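Following: one structure in structure tokens, then a few remarks.
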Amino acid sequence: MSIYPLEKNTVGIVTLAFLGTLGIVVRMFVRIPLIPGLLELTPGFLFSELGGVVGGIPGGILVGTIVGIGGAIAGGEVPLLPLIGNMALGLGTGYAIHITKTRDGIKYAILAILGGGIIGGFIPSMTIFAGVGVPFETVFFYAFMDMIQAFLWAIVAIVVEKQIIRPVIGHYLYPNMGAKEELVEDPKDD
């Protein structure tokens, strides 16, 4: 069963590229400064995390890299943070499918949400800003806010994949998944 749409799947690659492009546009134009020059809240998180939900680790890193480059070019933050942070967001939500093998269970949702928030939000912010010489309280606040934002966007990414992407192009993205597997939850996944 192929659960990763990057293996010889043109629709999967185009979908991930499209998510990356949308992420760049949103990341460039929708930014809410929380701490000017350090912390911005942005719905650009959604696209990196959605890349992980749709394409697993490879898809998440691909979309995260595209969105991260756009964020680094847009400015407003330390340039390394958007790049590494968005890649980590895609990795954080993408690893869940490699563990659970189904996108419909509670275990998958919890792993994707926790991964998005902790791996994608908290860890990059703590490590990058700790090396820049910012006071610990500011770094922790920044990392905490990124983690909360990443948790929320991961929830949205899971819902968007399940309610919008899967019904429209899911049979192209996941061609080896039977219709029965998409509709029935795996009991050992709960």
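Chain lettering (A, B, ...) mirrors the order of the structure tokens, residue numbering begins at 1 for each chain separately, and ligand numbering begins at 1 in order of display.
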
What are the closest atom pairs, with distances in Å to one decimal, for each residue of stretch 141-177 of chain A lying within 10 Å of stretch 124-137 of chain A, using only C-alpha atoms, rows by chain and rising residue number, as CSV?
```
residue,atom,partner,partner_atom,distance
A:Phe141,CA,A:Glu137,CA,6.1
A:Tyr142,CA,A:Ser125,CA,6.8
A:Ala143,CA,A:Ser125,CA,4.9
A:Phe144,CA,A:Ser125,CA,8.6
A:Met145,CA,A:Ser125,CA,9.5
A:Asp146,CA,A:Ser125,CA,7.4
A:Met147,CA,A:Ser125,CA,8.8
```

Those same residues - C-alpha atoms - I'd like them written as a PDB file, in the first residue's frame.
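As a result, result-v9.pdb now contains:
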```
ATOM      1  CA  PHE A 141       7.800  33.009  25.108  1.00  0.00           C
ATOM      2  CA  TYR A 142       8.577  33.016  21.389  1.00  0.00           C
ATOM      3  CA  ALA A 143       8.898  29.226  21.258  1.00  0.00           C
ATOM      4  CA  PHE A 144       5.716  28.765  23.301  1.00  0.00           C
ATOM      5  CA  MET A 145       3.726  31.059  20.980  1.00  0.00           C
ATOM      6  CA  ASP A 146       5.082  29.249  17.911  1.00  0.00           C
ATOM      7  CA  MET A 147       4.136  25.920  19.497  1.00  0.00           C
TER       8      MET A 147
END
```

Next on the checklist: Just list as a PyMOL selection string whatever in chain A DSSP marks as strand (DSSP E or B).
Outcome noted: chain A and resi 32-35+39-41

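Minimum atom-to-atom distances from A:Val159, A:Ala112, A:Val11, A:Ile164 to A:Gly60 were compared using only C-alpha atoms, and the lowest value belongs to A:Ala112.
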
Checklist entry - Do you know which residues are at most 12 Å from A:Ala74 counting only C-alpha atoms, after dropping those on the same chain fewer than 6 positions away, and could you put them as a PyMOL selection string? => result chain A and resi 24-31+37+40+44+67-68+80-83

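With only C-alpha atoms as the basis for measurement, A:Ile169 is the residue among A:Ile169, A:Ile123, A:Ile66, A:Ala157 that approaches A:Thr15 most closely.
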
So that I can check the secondary structure, give me every residue of chain A assigned alpha helix (DSSP H) by backbone DSSP, as a short mmCIF file (atom, residue, chain, number, x, y, z; two decimals) with N, CA and C atoms, in the first residue's frame.
```
data_model
loop_
_atom_site.label_atom_id
_atom_site.label_comp_id
_atom_site.auth_asym_id
_atom_site.auth_seq_id
_atom_site.Cartn_x
_atom_site.Cartn_y
_atom_site.Cartn_z
N THR A 10 2.46 12.11 -10.22
CA THR A 10 2.48 13.49 -10.70
C THR A 10 1.48 14.34 -9.92
N VAL A 11 0.31 13.83 -9.64
CA VAL A 11 -0.70 14.59 -8.90
C VAL A 11 -0.18 14.94 -7.51
N GLY A 12 0.51 14.01 -6.87
CA GLY A 12 1.07 14.27 -5.55
C GLY A 12 2.12 15.36 -5.57
N ILE A 13 3.02 15.29 -6.54
CA ILE A 13 4.08 16.29 -6.64
C ILE A 13 3.50 17.65 -6.98
N VAL A 14 2.54 17.70 -7.89
CA VAL A 14 1.91 18.98 -8.25
C VAL A 14 1.13 19.54 -7.06
N THR A 15 0.45 18.68 -6.33
CA THR A 15 -0.29 19.13 -5.14
C THR A 15 0.66 19.73 -4.11
N LEU A 16 1.77 19.07 -3.86
CA LEU A 16 2.74 19.59 -2.89
C LEU A 16 3.36 20.89 -3.38
N ALA A 17 3.66 21.00 -4.68
CA ALA A 17 4.19 22.24 -5.23
C ALA A 17 3.17 23.37 -5.11
N PHE A 18 1.90 23.05 -5.36
CA PHE A 18 0.83 24.03 -5.23
C PHE A 18 0.70 24.50 -3.77
N LEU A 19 0.77 23.56 -2.83
CA LEU A 19 0.72 23.95 -1.41
C LEU A 19 1.89 24.85 -1.05
N GLY A 20 3.07 24.54 -1.58
CA GLY A 20 4.24 25.37 -1.33
C GLY A 20 4.07 26.77 -1.89
N THR A 21 3.52 26.86 -3.10
CA THR A 21 3.29 28.16 -3.73
C THR A 21 2.28 28.98 -2.94
N LEU A 22 1.18 28.35 -2.55
CA LEU A 22 0.19 29.06 -1.73
C LEU A 22 0.81 29.51 -0.41
N GLY A 23 1.65 28.65 0.16
CA GLY A 23 2.32 28.98 1.42
C GLY A 23 3.22 30.19 1.29
N ILE A 24 3.95 30.29 0.17
CA ILE A 24 4.80 31.47 -0.05
C ILE A 24 3.96 32.73 -0.10
N VAL A 25 2.88 32.70 -0.87
CA VAL A 25 2.02 33.88 -1.01
C VAL A 25 1.45 34.30 0.34
N VAL A 26 0.92 33.33 1.07
CA VAL A 26 0.33 33.65 2.38
C VAL A 26 1.41 34.14 3.33
N ARG A 27 2.57 33.49 3.32
CA ARG A 27 3.68 33.86 4.21
C ARG A 27 4.18 35.26 3.92
N MET A 28 4.16 35.67 2.65
CA MET A 28 4.65 36.99 2.27
C MET A 28 3.67 38.10 2.68
N PHE A 29 2.38 37.83 2.56
CA PHE A 29 1.42 38.92 2.70
C PHE A 29 0.58 38.91 3.97
N GLY A 44 0.86 30.87 7.22
CA GLY A 44 1.80 30.13 6.38
C GLY A 44 2.17 28.79 7.01
N PHE A 45 2.04 28.68 8.34
CA PHE A 45 2.28 27.41 9.03
C PHE A 45 1.41 26.30 8.44
N LEU A 46 0.19 26.64 8.09
CA LEU A 46 -0.77 25.66 7.60
C LEU A 46 -0.22 24.88 6.42
N PHE A 47 0.42 25.56 5.48
CA PHE A 47 0.82 24.91 4.24
C PHE A 47 2.00 23.96 4.46
N SER A 48 2.94 24.34 5.32
CA SER A 48 4.04 23.43 5.63
C SER A 48 3.50 22.18 6.32
N GLU A 49 2.60 22.38 7.28
CA GLU A 49 2.03 21.24 8.00
C GLU A 49 1.14 20.40 7.09
N LEU A 50 0.42 21.04 6.19
CA LEU A 50 -0.41 20.31 5.24
C LEU A 50 0.46 19.49 4.29
N GLY A 51 1.62 19.99 3.93
CA GLY A 51 2.56 19.21 3.12
C GLY A 51 2.95 17.92 3.82
N GLY A 52 3.16 17.99 5.15
CA GLY A 52 3.48 16.80 5.93
C GLY A 52 2.31 15.85 6.04
N VAL A 53 1.11 16.39 6.21
CA VAL A 53 -0.07 15.54 6.32
C VAL A 53 -0.33 14.81 5.00
N VAL A 54 -0.17 15.50 3.89
CA VAL A 54 -0.43 14.89 2.58
C VAL A 54 0.72 14.00 2.13
N GLY A 55 1.96 14.46 2.30
CA GLY A 55 3.09 13.75 1.71
C GLY A 55 4.06 13.09 2.66
N GLY A 56 3.70 12.98 3.94
CA GLY A 56 4.61 12.38 4.90
C GLY A 56 5.85 13.24 5.10
N ILE A 57 6.92 12.64 5.55
CA ILE A 57 8.15 13.39 5.82
C ILE A 57 8.70 14.04 4.53
N PRO A 58 8.81 13.30 3.41
CA PRO A 58 9.36 13.96 2.21
C PRO A 58 8.50 15.14 1.74
N GLY A 59 7.19 14.97 1.74
CA GLY A 59 6.30 16.05 1.32
C GLY A 59 6.34 17.23 2.26
N GLY A 60 6.42 16.96 3.55
CA GLY A 60 6.49 18.04 4.53
C GLY A 60 7.76 18.84 4.42
N ILE A 61 8.88 18.15 4.21
CA ILE A 61 10.15 18.86 4.06
C ILE A 61 10.18 19.65 2.74
N LEU A 62 9.64 19.07 1.68
CA LEU A 62 9.59 19.77 0.39
C LEU A 62 8.78 21.06 0.50
N VAL A 63 7.54 20.95 0.98
CA VAL A 63 6.68 22.14 1.10
C VAL A 63 7.27 23.11 2.13
N GLY A 64 7.79 22.59 3.23
CA GLY A 64 8.40 23.45 4.24
C GLY A 64 9.58 24.23 3.71
N THR A 65 10.37 23.61 2.86
CA THR A 65 11.50 24.31 2.25
C THR A 65 11.03 25.43 1.34
N ILE A 66 10.02 25.15 0.53
CA ILE A 66 9.48 26.17 -0.38
C ILE A 66 8.92 27.35 0.42
N VAL A 67 8.09 27.06 1.41
CA VAL A 67 7.48 28.12 2.23
C VAL A 67 8.55 28.84 3.04
N GLY A 68 9.53 28.09 3.55
CA GLY A 68 10.59 28.69 4.34
C GLY A 68 11.46 29.65 3.56
N ILE A 69 11.75 29.32 2.31
CA ILE A 69 12.52 30.24 1.47
C ILE A 69 11.73 31.52 1.25
N GLY A 70 10.43 31.38 1.01
CA GLY A 70 9.57 32.57 0.86
C GLY A 70 9.55 33.40 2.13
N GLY A 71 9.51 32.74 3.30
CA GLY A 71 9.52 33.46 4.57
C GLY A 71 10.84 34.16 4.83
N ALA A 72 11.93 33.52 4.44
CA ALA A 72 13.25 34.14 4.63
C ALA A 72 13.41 35.36 3.73
N ILE A 73 12.88 35.27 2.52
CA ILE A 73 12.95 36.40 1.60
C ILE A 73 12.04 37.53 2.06
N ALA A 74 10.88 37.19 2.63
CA ALA A 74 9.92 38.21 3.07
C ALA A 74 10.47 39.06 4.20
N LEU A 80 17.02 32.61 9.15
CA LEU A 80 17.18 31.17 9.30
C LEU A 80 15.93 30.52 9.92
N LEU A 81 15.21 31.26 10.75
CA LEU A 81 14.05 30.69 11.43
C LEU A 81 12.93 30.27 10.49
N PRO A 82 12.50 31.11 9.52
CA PRO A 82 11.44 30.63 8.63
C PRO A 82 11.83 29.39 7.83
N LEU A 83 13.07 29.35 7.39
CA LEU A 83 13.51 28.20 6.59
C LEU A 83 13.52 26.92 7.43
N ILE A 84 14.25 26.92 8.51
CA ILE A 84 14.34 25.72 9.35
C ILE A 84 13.00 25.43 10.02
N GLY A 85 12.32 26.48 10.47
CA GLY A 85 11.04 26.30 11.15
C GLY A 85 9.99 25.66 10.26
N ASN A 86 9.88 26.11 9.02
CA ASN A 86 8.87 25.53 8.12
C ASN A 86 9.22 24.11 7.72
N MET A 87 10.51 23.82 7.55
CA MET A 87 10.90 22.44 7.27
C MET A 87 10.55 21.55 8.47
N ALA A 88 10.77 22.06 9.68
CA ALA A 88 10.45 21.30 10.89
C ALA A 88 8.93 21.12 11.04
N LEU A 89 8.15 22.12 10.62
CA LEU A 89 6.69 21.98 10.66
C LEU A 89 6.23 20.83 9.77
N GLY A 90 6.76 20.76 8.55
CA GLY A 90 6.41 19.67 7.64
C GLY A 90 6.87 18.32 8.18
N LEU A 91 8.06 18.29 8.74
CA LEU A 91 8.58 17.06 9.35
C LEU A 91 7.72 16.65 10.55
N GLY A 92 7.32 17.63 11.35
CA GLY A 92 6.54 17.36 12.57
C GLY A 92 5.19 16.72 12.29
N THR A 93 4.50 17.17 11.24
CA THR A 93 3.22 16.54 10.91
C THR A 93 3.41 15.33 10.01
N GLY A 94 4.50 15.31 9.25
CA GLY A 94 4.72 14.24 8.29
C GLY A 94 5.11 12.90 8.88
N TYR A 95 5.77 12.91 10.02
CA TYR A 95 6.24 11.64 10.59
C TYR A 95 5.09 10.75 11.05
N ALA A 96 3.94 11.33 11.36
CA ALA A 96 2.83 10.57 11.94
C ALA A 96 2.35 9.44 11.01
N ILE A 97 2.30 9.69 9.70
CA ILE A 97 1.81 8.66 8.79
C ILE A 97 2.81 7.52 8.68
N HIS A 98 4.07 7.78 8.95
CA HIS A 98 5.07 6.72 8.89
C HIS A 98 4.96 5.79 10.11
N ILE A 99 4.33 6.26 11.15
CA ILE A 99 4.16 5.45 12.37
C ILE A 99 2.82 4.72 12.36
N THR A 100 1.75 5.41 11.97
CA THR A 100 0.42 4.82 12.09
C THR A 100 -0.09 4.10 10.86
N ILE A 106 -7.34 8.33 15.70
CA ILE A 106 -7.03 9.33 16.72
C ILE A 106 -5.53 9.38 16.98
N LYS A 107 -4.88 8.23 16.95
CA LYS A 107 -3.44 8.18 17.19
C LYS A 107 -2.71 9.03 16.15
N TYR A 108 -3.11 8.92 14.89
CA TYR A 108 -2.50 9.72 13.82
C TYR A 108 -2.69 11.20 14.09
N ALA A 109 -3.90 11.62 14.42
CA ALA A 109 -4.18 13.03 14.66
C ALA A 109 -3.36 13.57 15.83
N ILE A 110 -3.29 12.82 16.90
CA ILE A 110 -2.52 13.26 18.07
C ILE A 110 -1.04 13.38 17.73
N LEU A 111 -0.50 12.37 17.04
CA LEU A 111 0.92 12.42 16.66
C LEU A 111 1.21 13.60 15.74
N ALA A 112 0.34 13.85 14.78
CA ALA A 112 0.55 14.96 13.84
C ALA A 112 0.46 16.31 14.56
N ILE A 113 -0.50 16.46 15.45
CA ILE A 113 -0.66 17.72 16.16
C ILE A 113 0.51 17.96 17.11
N LEU A 114 0.87 16.94 17.89
CA LEU A 114 2.01 17.09 18.80
C LEU A 114 3.31 17.32 18.04
N ILE A 123 10.78 23.51 19.15
CA ILE A 123 12.21 23.19 19.06
C ILE A 123 12.98 24.16 18.16
N PRO A 124 12.52 24.46 16.93
CA PRO A 124 13.30 25.40 16.12
C PRO A 124 13.44 26.77 16.76
N SER A 125 12.37 27.27 17.34
CA SER A 125 12.43 28.60 17.96
C SER A 125 13.37 28.62 19.15
N MET A 126 13.31 27.59 19.98
CA MET A 126 14.21 27.53 21.15
C MET A 126 15.67 27.44 20.73
N THR A 127 15.97 26.61 19.77
CA THR A 127 17.37 26.41 19.39
C THR A 127 17.94 27.58 18.61
N ILE A 128 17.19 28.13 17.67
CA ILE A 128 17.73 29.22 16.85
C ILE A 128 17.91 30.49 17.68
N PHE A 129 16.90 30.83 18.47
CA PHE A 129 17.02 32.06 19.24
C PHE A 129 17.94 31.94 20.44
N ALA A 130 18.13 30.74 20.94
CA ALA A 130 19.10 30.56 22.03
C ALA A 130 20.51 30.87 21.53
N GLY A 131 20.77 30.59 20.25
CA GLY A 131 22.08 30.85 19.68
C GLY A 131 22.30 32.30 19.27
N VAL A 132 21.24 33.10 19.23
CA VAL A 132 21.35 34.49 18.80
C VAL A 132 21.65 35.41 19.98
N PHE A 136 16.52 34.31 27.80
CA PHE A 136 15.79 33.05 27.89
C PHE A 136 14.29 33.26 27.96
N GLU A 137 13.83 34.23 28.71
CA GLU A 137 12.38 34.47 28.86
C GLU A 137 11.75 34.80 27.51
N THR A 138 12.44 35.63 26.73
CA THR A 138 11.94 36.00 25.42
C THR A 138 11.93 34.79 24.49
N VAL A 139 13.01 34.01 24.53
CA VAL A 139 13.11 32.82 23.70
C VAL A 139 12.00 31.84 24.05
N PHE A 140 11.78 31.61 25.34
CA PHE A 140 10.75 30.67 25.76
C PHE A 140 9.37 31.15 25.34
N PHE A 141 9.08 32.45 25.51
CA PHE A 141 7.80 33.01 25.11
C PHE A 141 7.60 32.85 23.60
N TYR A 142 8.63 33.16 22.84
CA TYR A 142 8.58 33.02 21.39
C TYR A 142 8.30 31.57 21.00
N ALA A 143 9.05 30.65 21.58
CA ALA A 143 8.90 29.23 21.26
C ALA A 143 7.51 28.73 21.67
N PHE A 144 7.03 29.17 22.83
CA PHE A 144 5.72 28.77 23.30
C PHE A 144 4.62 29.26 22.35
N MET A 145 4.72 30.51 21.91
CA MET A 145 3.73 31.06 20.98
C MET A 145 3.76 30.33 19.63
N ASP A 146 4.97 30.02 19.16
CA ASP A 146 5.08 29.25 17.91
C ASP A 146 4.47 27.86 18.08
N MET A 147 4.68 27.25 19.25
CA MET A 147 4.14 25.92 19.50
C MET A 147 2.60 25.95 19.50
N ILE A 148 2.02 26.92 20.16
CA ILE A 148 0.56 27.04 20.21
C ILE A 148 0.01 27.26 18.80
N GLN A 149 0.66 28.16 18.05
CA GLN A 149 0.23 28.43 16.68
C GLN A 149 0.34 27.16 15.82
N ALA A 150 1.43 26.41 15.99
CA ALA A 150 1.62 25.19 15.21
C ALA A 150 0.59 24.12 15.58
N PHE A 151 0.24 24.01 16.87
CA PHE A 151 -0.82 23.08 17.27
C PHE A 151 -2.12 23.41 16.53
N LEU A 152 -2.50 24.67 16.54
CA LEU A 152 -3.76 25.09 15.92
C LEU A 152 -3.75 24.85 14.41
N TRP A 153 -2.66 25.21 13.74
CA TRP A 153 -2.58 25.01 12.29
C TRP A 153 -2.51 23.54 11.93
N ALA A 154 -1.94 22.70 12.78
CA ALA A 154 -1.90 21.25 12.52
C ALA A 154 -3.31 20.68 12.54
N ILE A 155 -4.14 21.15 13.47
CA ILE A 155 -5.54 20.71 13.51
C ILE A 155 -6.23 21.09 12.21
N VAL A 156 -6.03 22.33 11.77
CA VAL A 156 -6.63 22.78 10.52
C VAL A 156 -6.13 21.95 9.34
N ALA A 157 -4.82 21.65 9.32
CA ALA A 157 -4.24 20.86 8.22
C ALA A 157 -4.88 19.47 8.14
N ILE A 158 -5.08 18.84 9.28
CA ILE A 158 -5.70 17.51 9.30
C ILE A 158 -7.13 17.57 8.77
N VAL A 159 -7.87 18.57 9.18
CA VAL A 159 -9.25 18.73 8.73
C VAL A 159 -9.31 19.04 7.23
N VAL A 160 -8.44 19.93 6.75
CA VAL A 160 -8.42 20.27 5.33
C VAL A 160 -8.08 19.04 4.48
N ARG A 166 -8.73 15.01 0.34
CA ARG A 166 -9.00 13.59 0.11
C ARG A 166 -10.23 13.34 -0.75
N PRO A 167 -11.37 14.00 -0.51
CA PRO A 167 -12.53 13.73 -1.37
C PRO A 167 -12.33 14.17 -2.82
N VAL A 168 -11.53 15.22 -3.04
CA VAL A 168 -11.36 15.74 -4.40
C VAL A 168 -10.30 14.97 -5.18
N ILE A 169 -9.10 14.82 -4.59
CA ILE A 169 -8.01 14.17 -5.33
C ILE A 169 -7.36 13.03 -4.56
N GLY A 170 -8.00 12.57 -3.50
CA GLY A 170 -7.43 11.51 -2.69
C GLY A 170 -7.16 10.23 -3.45
N HIS A 171 -8.05 9.86 -4.38
CA HIS A 171 -7.84 8.63 -5.14
C HIS A 171 -6.65 8.74 -6.08
N TYR A 172 -6.22 9.96 -6.42
CA TYR A 172 -4.99 10.15 -7.20
C TYR A 172 -3.77 10.22 -6.30
N LEU A 173 -3.93 10.87 -5.13
CA LEU A 173 -2.80 11.02 -4.21
C LEU A 173 -2.39 9.69 -3.59
N ALA A 179 -10.98 1.93 -1.23
CA ALA A 179 -12.07 2.76 -0.73
C ALA A 179 -12.49 2.32 0.67
N LYS A 180 -12.39 1.01 0.91
CA LYS A 180 -12.78 0.48 2.21
C LYS A 180 -11.84 0.99 3.31
N GLU A 181 -10.53 1.08 3.01
CA GLU A 181 -9.56 1.55 4.00
C GLU A 181 -9.76 3.02 4.33
N GLU A 182 -10.18 3.82 3.34
CA GLU A 182 -10.39 5.24 3.60
C GLU A 182 -11.57 5.48 4.53
N LEU A 183 -12.58 4.63 4.44
CA LEU A 183 -13.80 4.88 5.18
C LEU A 183 -13.83 4.20 6.55
#
```

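Taking atom CA of A:Pro175 as the reference point, atom CA of A:Asn9 is found at 8.9 Å.
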
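Taking atom CA of A:Leu41 and atom CA of A:Arg103 as the two end points, the separation is 27.3 Å.
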
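Rounded to one decimal, atom CA of A:Lys162 and atom CA of A:Ile32 lie 27.8 Å from each other.
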